[in-house]
$ cat coords32.tsv   # TSV, C-alpha atoms and all ligand atoms
chain	number	residue	atom	x	y	z
A	1	MET	CA	-18.29	-6.02	-1.91
A	2	THR	CA	-16.72	-2.67	-1.37
A	3	ALA	CA	-17.24	0.62	0.47
A	4	ASP	CA	-15.77	4.06	0.85
A	5	VAL	CA	-14.08	5.11	4.07
A	6	SER	CA	-14.04	8.50	5.69
A	7	ILE	CA	-11.69	9.36	8.54
A	8	ARG	CA	-12.35	12.69	10.23
A	9	ASN	CA	-9.90	14.30	12.66
A	10	ALA	CA	-8.85	10.96	14.15
A	11	THR	CA	-6.58	11.37	17.17
A	12	LYS	CA	-5.23	8.66	19.47
A	13	VAL	CA	-3.41	9.53	22.65
A	14	PHE	CA	-1.70	6.78	24.71
A	15	GLY	CA	-1.01	8.36	28.13
A	16	THR	CA	0.60	11.61	27.03
A	17	PHE	CA	1.84	10.29	23.67
A	18	ARG	CA	-0.03	11.34	20.52
A	19	ALA	CA	0.27	8.26	18.29
A	20	LEU	CA	-2.22	9.74	15.81
A	21	ASP	CA	-2.71	13.47	15.49
A	22	ASN	CA	-5.83	14.83	13.83
A	23	VAL	CA	-5.80	12.60	10.76
A	24	SER	CA	-8.44	13.10	8.05
A	25	LEU	CA	-8.62	11.00	4.90
A	26	ASP	CA	-11.24	10.04	2.32
A	27	ILE	CA	-10.86	6.69	0.57
A	28	ALA	CA	-13.03	5.79	-2.43
A	29	ALA	CA	-14.78	2.42	-2.69
A	30	GLY	CA	-12.51	-0.05	-4.48
A	31	GLU	CA	-9.31	1.89	-3.91
A	32	PHE	CA	-6.03	0.23	-2.99
A	33	ILE	CA	-4.60	2.55	-0.35
A	34	VAL	CA	-1.17	2.08	1.22
A	35	LEU	CA	-0.29	3.68	4.55
A	36	LEU	CA	3.47	4.23	4.28
A	37	GLY	CA	5.86	5.51	6.90
A	38	PRO	CA	8.68	4.67	9.29
A	39	SER	CA	8.29	2.50	12.37
A	40	GLY	CA	6.21	4.21	15.04
A	41	CYS	CA	4.53	6.78	12.74
A	42	GLY	CA	1.02	5.55	13.61
A	43	LYS	CA	0.14	3.31	10.64
A	44	THR	CA	-0.96	0.33	12.72
A	45	THR	CA	-2.81	2.60	15.13
A	46	LEU	CA	-4.83	4.04	12.23
A	47	LEU	CA	-5.51	0.57	10.81
A	48	SER	CA	-6.61	-0.67	14.26
A	49	ILE	CA	-8.98	2.27	14.57
A	50	LEU	CA	-10.50	1.32	11.20
A	51	GLY	CA	-10.82	-2.32	12.28
A	52	GLY	CA	-12.33	-1.34	15.62
A	53	PHE	CA	-9.54	-2.78	17.79
A	54	ILE	CA	-8.65	0.68	19.11
A	55	GLU	CA	-11.10	3.50	19.82
A	56	PRO	CA	-9.90	6.94	18.77
A	57	THR	CA	-9.48	9.48	21.58
A	58	SER	CA	-11.39	11.86	19.31
A	59	GLY	CA	-12.57	11.97	15.72
A	60	THR	CA	-14.84	9.72	13.66
A	61	ILE	CA	-14.71	6.81	11.21
A	62	ALA	CA	-17.42	6.12	8.63
A	63	ILE	CA	-17.54	3.12	6.30
A	64	GLY	CA	-20.00	3.13	3.42
A	65	GLY	CA	-21.49	6.31	4.86
A	66	THR	CA	-22.28	4.72	8.24
A	67	ASP	CA	-20.59	5.95	11.42
A	68	MET	CA	-18.47	3.08	12.79
A	69	THR	CA	-16.49	4.97	15.42
A	70	HIS	CA	-17.84	2.96	18.36
A	71	VAL	CA	-18.92	-0.23	16.57
A	72	ALA	CA	-17.29	-3.54	17.65
A	73	PRO	CA	-14.84	-5.20	15.17
A	74	ALA	CA	-17.15	-8.17	14.45
A	75	LYS	CA	-20.00	-5.82	13.55
A	76	ARG	CA	-17.94	-3.86	11.02
A	77	PRO	CA	-17.80	-4.69	7.30
A	78	THR	CA	-14.01	-5.02	7.66
A	79	THR	CA	-11.58	-7.94	7.91
A	80	THR	CA	-8.02	-7.53	9.14
A	81	MET	CA	-5.17	-9.63	7.81
A	82	PHE	CA	-2.10	-9.55	10.04
A	83	GLN	CA	1.50	-10.43	9.22
A	84	ASP	CA	1.36	-13.62	11.31
A	85	TYR	CA	-1.63	-14.96	9.36
A	86	ALA	CA	-2.20	-17.99	11.62
A	87	LEU	CA	-3.80	-20.76	9.59
A	88	PHE	CA	-5.19	-23.74	11.51
A	89	PRO	CA	-2.47	-26.39	11.00
A	90	HIS	CA	-4.78	-29.42	11.33
A	91	MET	CA	-7.36	-28.12	8.83
A	92	ARG	CA	-7.32	-28.59	5.06
A	93	LEU	CA	-7.11	-25.40	3.02
A	94	ILE	CA	-10.78	-25.59	2.06
A	95	ASP	CA	-11.73	-25.70	5.75
A	96	ASN	CA	-9.29	-22.94	6.69
A	97	VAL	CA	-10.79	-20.67	4.04
A	98	GLY	CA	-14.36	-21.62	4.95
A	99	PHE	CA	-13.81	-21.15	8.69
A	100	GLY	CA	-15.25	-17.64	8.91
A	101	LEU	CA	-18.29	-18.75	6.91
A	102	ARG	CA	-18.90	-21.65	9.31
A	103	MET	CA	-18.88	-19.13	12.17
A	104	ARG	CA	-21.59	-17.25	10.26
A	105	GLY	CA	-23.75	-20.37	10.03
A	106	MET	CA	-23.36	-21.08	6.31
A	107	SER	CA	-24.10	-24.68	5.24
A	108	LYS	CA	-21.17	-26.98	4.42
A	109	ALA	CA	-22.01	-27.22	0.71
A	110	GLU	CA	-22.28	-23.45	0.38
A	111	ARG	CA	-19.09	-22.72	2.27
A	112	ASP	CA	-17.11	-25.37	0.36
A	113	ASP	CA	-18.31	-23.75	-2.82
A	114	LYS	CA	-17.28	-20.30	-1.66
A	115	ALA	CA	-13.94	-21.55	-0.28
A	116	LEU	CA	-13.13	-23.24	-3.60
A	117	SER	CA	-13.91	-20.10	-5.56
A	118	MET	CA	-11.67	-18.10	-3.19
A	119	LEU	CA	-8.85	-20.67	-3.53
A	120	ASP	CA	-9.32	-20.41	-7.29
A	121	LEU	CA	-8.95	-16.63	-7.03
A	122	VAL	CA	-5.52	-17.04	-5.39
A	123	GLY	CA	-4.46	-19.89	-7.72
A	124	LEU	CA	-4.68	-22.72	-5.17
A	125	LYS	CA	-7.89	-24.54	-6.09
A	126	THR	CA	-6.08	-27.79	-6.86
A	127	SER	CA	-4.47	-27.72	-3.39
A	128	ALA	CA	-7.83	-27.42	-1.57
A	129	LEU	CA	-7.38	-30.72	0.28
A	130	LYS	CA	-3.80	-30.04	1.41
A	131	LYS	CA	-2.84	-28.88	4.88
A	132	PRO	CA	-0.87	-25.66	5.53
A	133	HIS	CA	2.42	-27.48	6.27
A	134	GLU	CA	2.43	-28.81	2.68
A	135	LEU	CA	2.62	-25.25	1.31
A	136	SER	CA	5.38	-22.69	0.79
A	137	GLY	CA	5.34	-19.38	2.69
A	138	GLY	CA	3.91	-17.55	-0.31
A	139	GLN	CA	1.16	-20.14	-0.76
A	140	ARG	CA	0.21	-19.94	2.92
A	141	GLN	CA	0.00	-16.20	2.54
A	142	ARG	CA	-2.36	-16.64	-0.41
A	143	VAL	CA	-4.57	-18.94	1.66
A	144	ALA	CA	-4.74	-16.28	4.37
A	145	LEU	CA	-5.85	-13.78	1.74
A	146	ALA	CA	-8.50	-16.20	0.44
A	147	ARG	CA	-9.73	-16.69	4.00
A	148	ALA	CA	-9.90	-12.95	4.64
A	149	LEU	CA	-11.84	-12.34	1.40
A	150	ALA	CA	-14.18	-15.33	1.83
A	151	VAL	CA	-16.39	-13.42	4.27
A	152	ASP	CA	-16.92	-10.68	1.66
A	153	PRO	CA	-15.63	-7.69	3.62
A	154	ASP	CA	-16.31	-4.24	2.18
A	155	VAL	CA	-12.86	-3.19	3.36
A	156	LEU	CA	-9.82	-5.41	3.82
A	157	LEU	CA	-7.22	-4.10	6.27
A	158	LEU	CA	-3.74	-5.54	5.74
A	159	ASP	CA	-1.02	-5.00	8.36
A	160	GLU	CA	2.40	-5.69	6.78
A	161	PRO	CA	1.02	-8.94	5.29
A	162	LEU	CA	4.15	-9.56	3.21
A	163	GLY	CA	6.62	-8.71	5.99
A	164	ALA	CA	7.61	-12.31	6.69
A	165	LEU	CA	8.40	-13.23	3.07
A	166	ASP	CA	11.83	-13.06	1.45
A	167	LEU	CA	12.39	-10.25	-1.02
A	168	LYS	CA	11.82	-12.18	-4.25
A	169	LEU	CA	8.60	-13.78	-3.03
A	170	ARG	CA	7.53	-10.45	-1.63
A	171	ARG	CA	7.85	-8.75	-5.02
A	172	GLN	CA	5.89	-11.58	-6.65
A	173	MET	CA	3.14	-11.44	-4.00
A	174	GLN	CA	2.85	-7.67	-4.42
A	175	ASP	CA	1.95	-8.15	-8.08
A	176	GLU	CA	-0.53	-10.89	-7.18
A	177	LEU	CA	-2.10	-8.86	-4.40
A	178	LYS	CA	-2.64	-5.94	-6.75
A	179	ALA	CA	-4.15	-8.19	-9.45
A	180	ILE	CA	-6.48	-9.88	-6.93
A	181	GLN	CA	-7.60	-6.54	-5.51
A	182	LYS	CA	-8.47	-5.31	-8.98
A	183	ARG	CA	-10.44	-8.52	-9.65
A	184	VAL	CA	-12.50	-8.44	-6.42
A	185	GLY	CA	-12.86	-4.63	-6.22
A	186	THR	CA	-12.82	-4.63	-2.41
A	187	THR	CA	-11.31	-1.53	-0.78
A	188	PHE	CA	-7.82	-2.52	0.45
A	189	ILE	CA	-5.98	-0.51	3.11
A	190	HIS	CA	-2.46	-1.86	3.43
A	191	VAL	CA	0.27	-0.89	5.91
A	192	THR	CA	3.95	-1.03	5.03
A	193	HIS	CA	7.23	0.79	5.70
A	194	ASP	CA	8.60	-0.39	2.33
A	195	GLN	CA	8.48	2.41	-0.24
A	196	GLU	CA	8.92	0.04	-3.19
A	197	GLU	CA	6.06	-2.13	-1.97
A	198	ALA	CA	3.84	0.95	-1.75
A	199	MET	CA	4.79	1.98	-5.29
A	200	ALA	CA	4.16	-1.55	-6.59
A	201	ILE	CA	0.62	-1.92	-5.30
A	202	ALA	CA	-1.07	1.34	-4.37
A	203	ASP	CA	-3.63	3.38	-6.25
A	204	ARG	CA	-2.78	6.09	-3.73
A	205	ILE	CA	-0.10	6.25	-1.07
A	206	VAL	CA	-0.61	7.99	2.27
A	207	VAL	CA	2.78	9.04	3.66
A	208	MET	CA	2.71	9.23	7.47
A	209	ASN	CA	5.20	10.63	9.99
A	210	HIS	CA	4.89	11.29	13.73
A	211	GLY	CA	1.18	10.49	13.80
A	212	HIS	CA	0.13	12.75	10.96
A	213	ILE	CA	-0.29	12.60	7.20
A	214	GLU	CA	2.54	14.27	5.26
A	215	ASP	CA	1.34	13.58	1.73
A	216	VAL	CA	-1.35	11.70	-0.21
A	217	GLY	CA	-1.32	10.80	-3.89
A	218	ALA	CA	-0.48	8.33	-6.62
A	219	SER	CA	3.12	7.16	-6.37
A	220	SER	CA	4.14	9.27	-9.40
A	221	GLU	CA	2.61	12.39	-7.83
A	222	ILE	CA	4.39	11.89	-4.52
A	223	TYR	CA	7.67	11.06	-6.22
A	224	MET	CA	7.59	13.91	-8.76
A	225	ARG	CA	5.66	16.56	-6.81
A	226	PRO	CA	6.14	15.81	-3.09
A	227	ARG	CA	4.38	18.23	-0.76
A	228	SER	CA	6.71	17.82	2.20
A	229	LEU	CA	10.43	17.39	2.72
A	230	PHE	CA	9.77	14.21	4.66
A	231	SER	CA	7.73	12.71	1.87
A	232	ALA	CA	10.36	13.72	-0.73
A	233	GLY	CA	13.04	11.92	1.27
A	234	PHE	CA	10.96	8.87	2.16
A	235	MET	CA	9.79	8.21	-1.40
A	236	GLY	CA	13.12	7.53	-3.07
A	237	GLU	CA	16.43	9.33	-3.15
A	238	ALA	CA	16.65	13.12	-3.37
A	239	ASN	CA	19.29	15.84	-3.21
A	240	PHE	CA	18.31	18.66	-0.86
A	241	LEU	CA	19.74	22.09	-1.44
A	242	ASP	CA	19.11	25.15	0.76
A	243	ALA	CA	17.92	28.23	-1.11
A	244	LYS	CA	16.42	31.68	-0.52
A	245	VAL	CA	13.68	33.29	-2.56
A	246	SER	CA	15.14	36.50	-4.04
A	247	GLY	CA	12.44	37.58	-6.48
A	248	ILE	CA	8.98	36.70	-7.73
A	249	CYS	CA	7.97	38.00	-11.15
A	250	ALA	CA	5.63	37.02	-13.99
A	251	GLY	CA	4.96	33.50	-12.82
A	252	GLU	CA	8.60	32.75	-12.10
A	253	VAL	CA	10.59	32.66	-8.90
A	254	ARG	CA	14.26	33.42	-8.55
A	255	VAL	CA	16.13	31.55	-5.83
A	256	GLU	CA	19.72	31.83	-4.62
A	257	THR	CA	21.67	28.72	-3.63
A	258	ALA	CA	25.29	28.13	-2.65
A	259	LEU	CA	25.75	26.78	-6.19
A	260	GLY	CA	24.33	29.86	-7.91
A	261	SER	CA	20.91	31.27	-8.68
A	262	ALA	CA	18.05	29.60	-10.52
A	263	VAL	CA	14.72	30.67	-11.96
A	264	LEU	CA	11.92	28.21	-11.18
A	265	PRO	CA	8.31	28.02	-12.33
A	266	MET	CA	5.70	28.75	-9.62
A	267	ALA	CA	4.61	25.12	-9.93
A	268	ALA	CA	7.90	24.08	-8.27
A	269	PHE	CA	6.39	25.27	-4.96
A	270	THR	CA	4.14	22.24	-4.44
A	271	ALA	CA	3.11	23.19	-0.90
A	272	GLY	CA	2.42	26.86	-1.69
A	273	MET	CA	4.43	29.98	-2.42
A	274	PRO	CA	6.57	31.41	0.36
A	275	GLY	CA	7.21	35.17	0.32
A	276	GLU	CA	10.37	36.94	-0.76
A	277	ASP	CA	13.48	36.32	1.38
A	278	LYS	CA	12.04	33.07	2.67
A	279	SER	CA	14.24	30.00	3.07
A	280	VAL	CA	13.29	26.95	1.03
A	281	THR	CA	14.84	23.60	0.24
A	282	LEU	CA	15.16	22.47	-3.36
A	283	CYS	CA	14.59	18.74	-3.94
A	284	ILE	CA	16.29	17.29	-7.00
A	285	ARG	CA	16.02	13.59	-7.87
A	286	PRO	CA	19.35	12.01	-8.88
A	287	GLU	CA	18.08	10.99	-12.32
A	288	HIS	CA	17.15	14.55	-13.22
A	289	PHE	CA	20.74	15.66	-13.70
A	290	ARG	CA	21.42	15.85	-17.40
A	291	SER	CA	24.72	15.18	-19.09
A	292	GLY	CA	23.84	17.80	-21.73
A	293	GLY	CA	22.14	18.10	-25.08
A	294	GLU	CA	18.52	17.79	-23.87
A	295	GLU	CA	15.70	20.04	-24.99
A	296	GLY	CA	13.60	22.30	-22.76
A	297	GLU	CA	14.22	24.80	-19.98
A	298	THR	CA	17.25	23.80	-17.96
A	299	VAL	CA	18.57	25.21	-14.71
A	300	THR	CA	22.35	24.99	-14.29
A	301	LEU	CA	23.53	24.92	-10.70
A	302	GLY	CA	27.27	25.40	-11.23
A	303	ARG	CA	29.74	22.69	-12.09
A	304	ALA	CA	30.83	19.62	-10.17
A	305	ARG	CA	33.53	16.96	-10.34
A	306	ILE	CA	32.75	13.23	-10.29
A	307	ILE	CA	34.30	11.70	-7.16
A	308	ASP	CA	32.95	8.17	-7.63
A	309	SER	CA	30.83	6.27	-10.10
A	310	ALA	CA	29.22	2.83	-10.17
A	311	PHE	CA	27.24	1.13	-12.92
A	312	PHE	CA	23.78	-0.02	-11.78
A	313	GLY	CA	22.43	-1.45	-15.06
A	314	ALA	CA	19.77	1.14	-15.82
A	315	HIS	CA	22.05	4.04	-14.83
A	316	HIS	CA	25.45	5.10	-13.48
A	317	ARG	CA	25.23	6.25	-9.88
A	318	CYS	CA	27.74	9.08	-9.40
A	319	HIS	CA	28.70	11.36	-6.54
A	320	LEU	CA	29.89	14.79	-7.57
A	321	ARG	CA	31.55	17.48	-5.49
A	322	ALA	CA	30.60	21.06	-6.38
A	323	GLU	CA	33.44	23.16	-7.79
A	324	GLY	CA	34.29	26.29	-5.80
A	325	ALA	CA	34.27	27.23	-2.15
A	326	VAL	CA	31.21	25.24	-1.06
A	327	ASP	CA	31.42	21.67	0.20
A	328	ILE	CA	28.33	20.12	-1.39
A	329	VAL	CA	28.13	16.54	-2.65
A	330	ILE	CA	25.41	15.65	-5.15
A	331	THR	CA	24.14	12.21	-6.10
A	332	ALA	CA	23.33	11.90	-9.78
A	333	HIS	CA	22.09	8.97	-11.85
A	334	LEU	CA	23.52	9.43	-15.32
A	335	PRO	CA	22.04	7.56	-18.28
A	336	GLN	CA	23.23	4.05	-19.11
A	337	THR	CA	24.87	5.37	-22.28
A	338	ALA	CA	26.89	8.06	-20.46
A	339	GLU	CA	30.54	7.29	-19.84
A	340	PRO	CA	31.30	8.98	-16.53
A	341	HIS	CA	34.88	8.93	-15.21
A	342	VAL	CA	36.14	9.99	-11.81
A	343	GLY	CA	37.63	13.48	-12.20
A	344	ASP	CA	35.29	14.56	-15.04
A	345	VAL	CA	33.76	18.00	-14.48
A	346	LEU	CA	30.09	18.40	-15.50
A	347	ASP	CA	27.47	21.13	-15.49
A	348	LEU	CA	24.86	20.44	-12.79
A	349	ALA	CA	22.01	20.87	-15.27
A	350	VAL	CA	18.43	19.97	-14.34
A	351	PRO	CA	15.13	20.54	-16.20
A	352	ALA	CA	13.46	23.51	-14.46
A	353	ASP	CA	10.13	21.68	-14.15
A	354	SER	CA	11.69	18.73	-12.31
A	355	ILE	CA	12.78	20.78	-9.28
A	356	VAL	CA	10.49	20.95	-6.26
A	357	ALA	CA	10.89	23.75	-3.70
A	358	LEU	CA	9.50	23.42	-0.17
A	359	ALA	CA	9.48	25.68	2.85
A	360	ASN	CA	11.95	24.37	5.41
A	361	GLY	CA	11.02	26.30	8.53
A	362	LYS	CA	14.40	28.08	8.59
A	363	GLY	CA	12.85	31.49	8.07
B	401	LIG	P1	5.50	-0.19	13.06
B	401	LIG	O1	5.79	-0.14	11.59
B	401	LIG	O2	6.74	-0.30	13.90
B	401	LIG	O3	4.43	-1.16	13.43
B	401	LIG	P2	3.56	1.94	13.19
B	401	LIG	O4	3.74	3.09	12.29
B	401	LIG	O5	2.56	0.92	12.82
B	401	LIG	O6	4.96	1.27	13.45
B	401	LIG	P3	2.08	2.20	15.62
B	401	LIG	O7	2.12	0.75	15.96
B	401	LIG	O8	0.82	2.77	15.12
B	401	LIG	O9	3.26	2.55	14.60
B	401	LIG	O10	2.55	3.01	16.91
B	401	LIG	C1	2.65	4.42	16.91
B	401	LIG	C2	3.25	4.86	18.22
B	401	LIG	O11	2.29	4.64	19.26
B	401	LIG	C3	4.50	4.10	18.61
B	401	LIG	O12	5.43	5.02	19.16
B	401	LIG	C4	4.03	3.13	19.66
B	401	LIG	O13	5.04	2.87	20.59
B	401	LIG	C5	2.86	3.87	20.29
B	401	LIG	N1	1.85	2.93	20.77
B	401	LIG	C6	1.14	2.07	20.01
B	401	LIG	N2	0.27	1.37	20.77
B	401	LIG	C7	0.43	1.78	22.05
B	401	LIG	C8	-0.16	1.45	23.31
B	401	LIG	N3	-1.11	0.54	23.39
B	401	LIG	N4	0.28	2.11	24.40
B	401	LIG	C9	1.25	3.05	24.32
B	401	LIG	N5	1.84	3.41	23.16
B	401	LIG	C10	1.46	2.79	22.04

$ encode --input "coords32.tsv" --output "structure tokens"
Amino acid sequence: MTADVSIRNATKVFGTFRALDNVSLDIAAGEFIVLLGPSGCGKTTLLSILGGFIEPTSGTIAIGGTDMTHVAPAKRPTTTMFQDYALFPHMRLIDNVGFGLRMRGMSKAERDDKALSMLDLVGLKTSALKKPHELSGGQRQRVALARALAVDPDVLLLDEPLGALDLKLRRQMQDELKAIQKRVGTTFIHVTHDQEEAMAIADRIVVMNHGHIEDVGASSEIYMRPRSLFSAGFMGEANFLDAKVSGICAGEVRVETALGSAVLPMAAFTAGMPGEDKSVTLCIRPEHFRSGGEEGETVTLGRARIIDSAFFGAHHRCHLRAEGAVDIVITAHLPQTAEPHVGDVLDLAVPADSIVALANGKG
């Protein structure tokens, strides 16, 4: 089963500390949403409000169109899966997975049937009679998922469920989690501080910082068109360059930077157009620097000298120091086929439509 979720102006204050500050978010039924942000940004607080373990100080939560703000956890159509997914060590997998159904009074035959189909879903049907200690960490994690889904929640809340796994297993489980979510169609709301995990699994990512939402969108949207400086920096690597708006004309905006001036399309201003003379920060992803010869509108931000270079398989990761009076170091990922050498001087050329410009509060 599945349901939509609507969060309206949710605020949570602990003493004088605002852990969650006026958060509003609409989640469609069947979406895989990831709450992403650094430690302490309020992800778990929001998840706990959805699960009913914490009451918001103000604001409302609706699931499937029904107000759930003051409804007890057991009465909500949600299940929460925590990182320390405690399985009962003395119980076989089939009984672990069927446990929630037993609590709901389902007959043994029915719950064994359901538990087996859930174990099948996570690829562990043939291990149904094993006990948790006979499994690997990743398999135990899959059992926990089967148990959480066995009670047919409309919304599954997952709090860093892959946090205890080593990196390789974690990557594998991310793919499995995504595939299982697509198969069952349940709304998943998943908390992590790992940007790559978010990109691997989410339909939409919600970037959080200091108790509020900075950005919401598909991973490609947030990466390519971030709407806040925080979100640009949290979702992958970016070069940030201070600039001032010096002219707005015919759908284009001229900005001045320490590396020279550039003309940007209006669309570069993803969070809205600032006025003339306003300070902005340009965000440029390292892979957008071109080594020359490409088609399309290109902005050239002076020249720079390669000060170090390392080969990373898919690209060369180079640091370049701008030529001239300014002390600016740029990170660029040059194509695999480029042959960068320390000391080479390159144009800092970037496609105009790859630059994002955001107000930076400096005036
Ligand atoms: P992490 O990834 O470290 O779990 P998080 O983004 O999930 O972080 P939360 O657990 O939601 O963050 O906590 C947000 C802030 O609220 C933190 O600064 C935390 O210390 C504070 N906080 C959470 N619960 C309480 C509480 N019961 N009393 C006081 N402060 C709390």

$ atom_distance --input "coords32.tsv" --atom1 "atom O1 of ligand LIG 401 (chain B)" --atom2 "atom CA of A:Gly42"
7.7 Å

$ closest_atom_pairs --input "coords32.tsv" --of "stretch 106-207 of chain A" --to "stretch 218-224 of chain A" --cutoff "7 Å" --atoms "only C-alpha atoms" --output "tab-separated table"
residue	atom	partner	partner_atom	distance
A:Met199	CA	A:Ser219	CA	5.5
A:Asp203	CA	A:Ala218	CA	5.9
A:Arg204	CA	A:Ala218	CA	4.3
A:Ile205	CA	A:Ala218	CA	5.9

$ write_last_selection --input "coords32.tsv" --atoms "C-alpha atoms" --output "PDB file, in the frame of the given file"
ATOM      1  CA  MET A 199       4.790   1.980  -5.290  1.00  0.00           C
ATOM      2  CA  ASP A 203      -3.630   3.380  -6.250  1.00  0.00           C
ATOM      3  CA  ARG A 204      -2.780   6.090  -3.730  1.00  0.00           C
ATOM      4  CA  ILE A 205      -0.100   6.250  -1.070  1.00  0.00           C
TER       5      ILE A 205
END

$ closest_residue --input "coords32.tsv" --among "A:Met106, A:Ala115, A:Ile180, A:Leu93" --to "A:Phe32" --atoms "only C-alpha atoms"
A:Ile180

$ closest_residue --input "coords32.tsv" --among "A:Val206, A:Ala62, A:Val280, A:Ala322" --to "ligand LIG 401 (chain B)" --atoms "only C-alpha atoms and all ligand atoms"
A:Val206

$ residues_near_ligand --input "coords32.tsv" --ligand "ligand LIG 401 (chain B)" --cutoff "7 Å" --atoms "only C-alpha atoms and all ligand atoms" --output "VMD selection string"
chain A and resid 14 to 15 17 19 37 to 46 192 to 193 211

$ residues_around --input "coords32.tsv" --residues "A:His90" --least-positions-apart "5" --cutoff "12 Å" --atoms "all atoms listed in the file" --output "MDAnalysis selection string"
chainID A and resid 95:96 129:134

$ write_last_selection --input "coords32.tsv" --atoms "C-alpha atoms" --output "mmCIF file, in the coordinates of the input"
data_model
loop_
_atom_site.group_PDB
_atom_site.id
_atom_site.type_symbol
_atom_site.label_atom_id
_atom_site.label_comp_id
_atom_site.auth_asym_id
_atom_site.auth_seq_id
_atom_site.Cartn_x
_atom_site.Cartn_y
_atom_site.Cartn_z
ATOM 1 C CA ASP A 95 -11.730 -25.700 5.750
ATOM 2 C CA ASN A 96 -9.290 -22.940 6.690
ATOM 3 C CA LEU A 129 -7.380 -30.720 0.280
ATOM 4 C CA LYS A 130 -3.800 -30.040 1.410
ATOM 5 C CA LYS A 131 -2.840 -28.880 4.880
ATOM 6 C CA PRO A 132 -0.870 -25.660 5.530
ATOM 7 C CA HIS A 133 2.420 -27.480 6.270
ATOM 8 C CA GLU A 134 2.430 -28.810 2.680
#

$ residues_around --input "coords32.tsv" --residues "A:Val5" --least-positions-apart "3" --cutoff "10 Å" --atoms "only C-alpha atoms" --output "ChimeraX atom specification"
/A:2,8,25-29,31,50,61-68,154-155,187,189
